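K.L.:
Here it is: the structure, laid out below.
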Amino acid sequence: MTLRKPQLEITGLKASYGNVQVLGGVDLAFPKGELVGIIGPSGSGKSTLIRALIGLTKPSAGTVSLDGSKVNYGNAACLRSFRDRVAVVFQQYNLFQNMSVIDNVTVTPIKIRGRPKEEARGIGHDLLASVGLADKKYAYPDELSGGQQQRVAIARALALDPEIILLDEVTAALDPELVRDVLDVIRGLSGRGISMLLVSHEMGFIREAAHRVVMMDQGKVVETGPPQQIFDDAQQERTKAFVSKIIRQ
């Protein structure tokens with residue numbers, strides 16, 4: 001079997017908040033097009049990993065490489081180039097409340113990327129249709145439900161034409177009946193060749209949709225493997241204990 005080259009490779013990644021080390025040396029590698037679910041207890045370093053990858057929390061050690069090129073987090077131009085290829089969606093929607101939905105989706109491609117306005121808005125309309133919000137393009141965020149706002153946030157990330165999307169607990173703030181709509185959007189993206197790292201407590205969805213699952217605890221990777229292994233035949237006792245507790249709940 002031919003192994004695919006990693007698109008994103010993380011080696012010995014460490015990060016701290018003050019004197020507290022939150023990532024204790026993370027080693028991971030992902031080929032292009034995978035949906036990777038990152039699971040683990042609260043405080044295990046999952047969200048910090050996302051923040052460190054995008055440079056919001058500066059790594060204190062280790063390397064991150066995209067298609068073989070190392071990311072220099074101390075070089076603004078290098079970091080900007082990396083961020084041009086990676087989009088992130090957080091638990092909080094962070095939409096501009098004074099802008100319509102279509103303007104939220106297109107403002108960055110127009111203002112930062114220099115894309116022509118009509119071209120950007122055409123793409124924005126298509127993206128909103130793809131997340132089921134074609135009829136909401138002229139609405140404002142406060143007129144939308146939480147699930148709709150999160151779908152706008154995903155469309156906004158897609159408008160940047162990213163190669164990788166980092167999704168950090170994007171359903172955590174939603175009412176239960178709204179979660180499925182957002183997860184359905186993520187499932188749809190999985191077939192488009194976009195790589196995704198999804199931090200989530202939605203174990204049923206990760207088991208069903210992820211290509212690979214990463215179990216983290218105390219700032220380190222405990223185990224990684226296909227969903228069937230992690231949920232049915234975990235090799236590490238910490239993974240077994242976490243999964244069994246989640247299933248019982």
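Numbering starts fresh at 1 for the residues of each chain in the structure tokens, the chains themselves are lettered A, B, ... in the order given, and ligands are numbered from 1 as they appear.
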Could you pull the residues within 10 Å of A:Ser16, counting only C-alpha atoms, minus those fewer than 2 positions along the same chain, as a JSON list (two decimals) with C-alpha atoms, in the first residue's frame?

P.N.:
```
[["chain", "number", "residue", "atom", "x", "y", "z"],
["A", 14, "LYS", "CA", 4.84, 22.68, 22.62],
["A", 18, "GLY", "CA", 2.64, 31.73, 31.28],
["A", 19, "ASN", "CA", 4.47, 29.06, 33.25],
["A", 20, "VAL", "CA", 1.87, 26.38, 32.52],
["A", 21, "GLN", "CA", 2.72, 24.06, 29.67],
["A", 22, "VAL", "CA", -0.47, 23.19, 27.76],
["A", 23, "LEU", "CA", 1.01, 21.29, 24.82],
["A", 24, "GLY", "CA", 3.74, 18.89, 25.83],
["A", 48, "THR", "CA", -4.68, 25.11, 22.26],
["A", 52, "ALA", "CA", -0.97, 27.16, 18.18],
["A", 57, "THR", "CA", -0.82, 30.99, 20.74],
["A", 58, "LYS", "CA", 2.84, 31.06, 19.81],
["A", 59, "PRO", "CA", 4.50, 27.63, 19.97],
["A", 60, "SER", "CA", 7.45, 27.46, 22.35],
["A", 61, "ALA", "CA", 9.06, 24.48, 20.62],
["A", 219, "GLY", "CA", -1.27, 18.20, 26.26]]
```

K.L.:
Taking the DSSP secondary structure from the backbone, can you list the residues of stretch 91-151 of chain A that are helix (DSSP H, G or I), as a VMD selection string?

P.N.:
chain A and resid 101 to 111 117 to 130 134 to 136 141 to 143 146 to 151

K.L.:
How would the residues just picked look written out with N, CA and C atoms as a compact mmCIF listing (two decimals), in the first residue's frame?

P.N.:
```
# COMPACT_ATOMS: atom_id res chain seq x y z
N VAL A 101 -25.25 39.31 6.03
CA VAL A 101 -24.61 38.00 5.91
C VAL A 101 -23.67 37.97 4.71
N ILE A 102 -24.11 38.45 3.56
CA ILE A 102 -23.26 38.41 2.37
C ILE A 102 -22.01 39.27 2.54
N ASP A 103 -22.15 40.40 3.24
CA ASP A 103 -20.98 41.24 3.49
C ASP A 103 -20.03 40.58 4.47
N ASN A 104 -20.54 39.87 5.47
CA ASN A 104 -19.68 39.13 6.39
C ASN A 104 -18.84 38.10 5.64
N VAL A 105 -19.45 37.44 4.67
CA VAL A 105 -18.76 36.38 3.93
C VAL A 105 -17.71 36.96 2.98
N THR A 106 -17.96 38.15 2.43
CA THR A 106 -17.11 38.66 1.35
C THR A 106 -16.15 39.76 1.76
N VAL A 107 -16.26 40.30 2.96
CA VAL A 107 -15.45 41.45 3.32
C VAL A 107 -13.95 41.14 3.27
N THR A 108 -13.54 39.98 3.78
CA THR A 108 -12.11 39.67 3.78
C THR A 108 -11.57 39.40 2.38
N PRO A 109 -12.25 38.59 1.55
CA PRO A 109 -11.75 38.43 0.18
C PRO A 109 -11.63 39.76 -0.58
N ILE A 110 -12.54 40.69 -0.33
CA ILE A 110 -12.51 41.97 -1.04
C ILE A 110 -11.45 42.90 -0.45
N LYS A 111 -11.48 43.11 0.88
CA LYS A 111 -10.63 44.11 1.52
C LYS A 111 -9.19 43.64 1.70
N LYS A 117 -15.18 42.94 -6.29
CA LYS A 117 -16.39 42.84 -5.48
C LYS A 117 -17.43 41.93 -6.09
N GLU A 118 -17.71 42.08 -7.38
CA GLU A 118 -18.75 41.27 -7.99
C GLU A 118 -18.37 39.79 -8.00
N GLU A 119 -17.10 39.51 -8.24
CA GLU A 119 -16.63 38.12 -8.22
C GLU A 119 -16.79 37.54 -6.82
N ALA A 120 -16.37 38.30 -5.80
CA ALA A 120 -16.45 37.82 -4.42
C ALA A 120 -17.90 37.59 -4.01
N ARG A 121 -18.78 38.49 -4.40
CA ARG A 121 -20.18 38.34 -4.02
C ARG A 121 -20.83 37.16 -4.75
N GLY A 122 -20.43 36.91 -5.98
CA GLY A 122 -20.94 35.74 -6.69
C GLY A 122 -20.54 34.46 -5.98
N ILE A 123 -19.26 34.39 -5.58
CA ILE A 123 -18.79 33.22 -4.84
C ILE A 123 -19.50 33.13 -3.49
N GLY A 124 -19.69 34.29 -2.85
CA GLY A 124 -20.37 34.31 -1.56
C GLY A 124 -21.79 33.79 -1.65
N HIS A 125 -22.50 34.18 -2.70
CA HIS A 125 -23.87 33.67 -2.90
C HIS A 125 -23.87 32.16 -3.02
N ASP A 126 -22.91 31.62 -3.80
CA ASP A 126 -22.83 30.17 -3.99
C ASP A 126 -22.51 29.47 -2.67
N LEU A 127 -21.62 30.05 -1.88
CA LEU A 127 -21.25 29.44 -0.61
C LEU A 127 -22.42 29.44 0.37
N LEU A 128 -23.15 30.54 0.40
CA LEU A 128 -24.32 30.58 1.29
C LEU A 128 -25.36 29.56 0.86
N ALA A 129 -25.52 29.37 -0.44
CA ALA A 129 -26.43 28.33 -0.92
C ALA A 129 -25.95 26.96 -0.48
N SER A 130 -24.63 26.75 -0.49
CA SER A 130 -24.08 25.44 -0.14
C SER A 130 -24.28 25.11 1.33
N ALA A 134 -29.09 30.55 1.33
CA ALA A 134 -29.22 31.45 0.18
C ALA A 134 -30.25 32.53 0.42
N ASP A 135 -31.29 32.20 1.19
CA ASP A 135 -32.36 33.17 1.42
C ASP A 135 -32.06 34.14 2.56
N LYS A 136 -30.87 34.01 3.17
CA LYS A 136 -30.53 34.87 4.31
C LYS A 136 -29.39 35.84 3.99
N PRO A 141 -26.77 39.37 11.40
CA PRO A 141 -26.54 38.29 12.35
C PRO A 141 -27.59 38.19 13.46
N ASP A 142 -28.06 39.32 13.98
CA ASP A 142 -29.01 39.24 15.09
C ASP A 142 -30.39 38.75 14.64
N GLU A 143 -30.58 38.56 13.35
CA GLU A 143 -31.83 38.00 12.82
C GLU A 143 -31.73 36.49 12.60
N GLY A 146 -28.45 30.65 16.27
CA GLY A 146 -27.05 30.32 16.49
C GLY A 146 -26.51 29.38 15.43
N GLY A 147 -27.30 28.38 15.06
CA GLY A 147 -26.87 27.44 14.04
C GLY A 147 -26.67 28.11 12.70
N GLN A 148 -27.55 29.05 12.36
CA GLN A 148 -27.40 29.79 11.11
C GLN A 148 -26.17 30.67 11.13
N GLN A 149 -25.90 31.32 12.26
CA GLN A 149 -24.70 32.15 12.37
C GLN A 149 -23.43 31.30 12.22
N GLN A 150 -23.45 30.11 12.79
CA GLN A 150 -22.27 29.26 12.67
C GLN A 150 -22.07 28.80 11.23
N ARG A 151 -23.15 28.57 10.52
CA ARG A 151 -23.03 28.21 9.10
C ARG A 151 -22.51 29.38 8.27
```

K.L.:
Can you list, as a PyMOL selection string, all residues belonging to stretch 165-249 of chain A that DSSP tags as strand (DSSP E)?

P.N.:
chain A and resi 165-168+195-199+212-217+220-225

K.L.:
Using N, CA and C atoms, can you export the residues from the last selection as a short mmCIF file (atom, residue, chain, number, x, y, z; two decimals), in the first residue's frame?

P.N.:
```
data_model
loop_
_atom_site.label_atom_id
_atom_site.label_comp_id
_atom_site.auth_asym_id
_atom_site.auth_seq_id
_atom_site.Cartn_x
_atom_site.Cartn_y
_atom_site.Cartn_z
N ILE A 165 -9.17 23.56 6.96
CA ILE A 165 -10.05 24.29 7.87
C ILE A 165 -9.91 23.69 9.26
N LEU A 166 -9.66 24.55 10.24
CA LEU A 166 -9.58 24.15 11.64
C LEU A 166 -10.90 24.52 12.31
N LEU A 167 -11.58 23.56 12.90
CA LEU A 167 -12.90 23.79 13.50
C LEU A 167 -12.82 23.48 14.99
N ASP A 168 -12.98 24.52 15.81
CA ASP A 168 -12.78 24.37 17.24
C ASP A 168 -14.10 24.44 17.99
N SER A 195 -9.05 19.55 3.68
CA SER A 195 -8.62 18.92 4.93
C SER A 195 -9.26 19.64 6.10
N MET A 196 -9.69 18.88 7.10
CA MET A 196 -10.32 19.49 8.27
C MET A 196 -9.83 18.85 9.56
N LEU A 197 -9.52 19.68 10.53
CA LEU A 197 -9.24 19.23 11.89
C LEU A 197 -10.39 19.72 12.75
N LEU A 198 -11.15 18.79 13.32
CA LEU A 198 -12.36 19.11 14.05
C LEU A 198 -12.21 18.73 15.52
N VAL A 199 -12.13 19.75 16.38
CA VAL A 199 -12.17 19.53 17.82
C VAL A 199 -13.64 19.50 18.22
N ARG A 212 -9.97 9.83 10.55
CA ARG A 212 -9.03 9.47 11.61
C ARG A 212 -9.42 10.21 12.88
N VAL A 213 -9.11 9.61 14.02
CA VAL A 213 -9.41 10.21 15.32
C VAL A 213 -8.12 10.33 16.12
N VAL A 214 -7.95 11.48 16.76
CA VAL A 214 -6.80 11.72 17.63
C VAL A 214 -7.32 11.89 19.06
N MET A 215 -6.82 11.09 19.97
CA MET A 215 -7.17 11.21 21.38
C MET A 215 -6.04 11.97 22.09
N MET A 216 -6.41 13.08 22.77
CA MET A 216 -5.43 13.87 23.50
C MET A 216 -5.73 13.87 24.99
N ASP A 217 -4.69 13.99 25.79
CA ASP A 217 -4.84 14.14 27.23
C ASP A 217 -3.56 14.78 27.77
N LYS A 220 -0.84 16.02 25.28
CA LYS A 220 -0.13 15.10 24.40
C LYS A 220 -1.11 14.20 23.66
N VAL A 221 -0.65 13.64 22.56
CA VAL A 221 -1.44 12.66 21.82
C VAL A 221 -1.30 11.31 22.51
N VAL A 222 -2.42 10.77 22.93
CA VAL A 222 -2.43 9.45 23.59
C VAL A 222 -2.48 8.34 22.55
N GLU A 223 -3.31 8.55 21.53
CA GLU A 223 -3.52 7.51 20.53
C GLU A 223 -4.15 8.13 19.30
N THR A 224 -3.84 7.59 18.13
CA THR A 224 -4.47 8.02 16.89
C THR A 224 -4.75 6.80 16.03
N GLY A 225 -5.87 6.86 15.32
CA GLY A 225 -6.24 5.72 14.48
C GLY A 225 -7.60 5.94 13.85
#
```

K.L.:
Do you have the atom CA of A:Lys240-atom CA of A:Leu13 distance handy?

P.N.:
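Between atom CA of A:Lys240 and atom CA of A:Leu13 the gap is 24.7 Å.
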
K.L.:
Fewer than 4 positions away in the same chain doesn't count, so skip those; otherwise give me all residues within 7 Å of A:Asp67, counting only C-alpha atoms, as an NGL selection string.

P.N.:
:A and (6-8)

K.L.:
Could you dump the residues just selected with N, CA, C and O atoms as a short mmCIF file (atom, residue, chain, number, x, y, z; two decimals), in the first residue's frame?

P.N.:
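Once written, result25.cif looks like this:
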```
data_model
loop_
_atom_site.label_atom_id
_atom_site.label_comp_id
_atom_site.auth_asym_id
_atom_site.auth_seq_id
_atom_site.Cartn_x
_atom_site.Cartn_y
_atom_site.Cartn_z
N PRO A 6 2.30 13.51 3.89
CA PRO A 6 1.50 14.40 4.76
C PRO A 6 1.38 15.79 4.16
O PRO A 6 2.35 16.34 3.64
N GLN A 7 0.19 16.34 4.25
CA GLN A 7 -0.01 17.74 3.88
C GLN A 7 0.39 18.63 5.06
O GLN A 7 1.09 19.62 4.90
N LEU A 8 -0.05 18.25 6.25
CA LEU A 8 0.27 18.98 7.47
C LEU A 8 1.04 18.04 8.40
O LEU A 8 0.57 16.94 8.68
#
```

K.L.:
For atom CA of A:Tyr138 and atom CA of A:Ser100, quote the distance in Å rounded to one decimal.

P.N.:
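These atoms are spaced 5.3 Å apart.
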
K.L.:
I'd like the interatomic distance between atom CA of A:Lys5 and atom CA of A:Val64, to a tenth of an Å.

P.N.:
14.6 Å
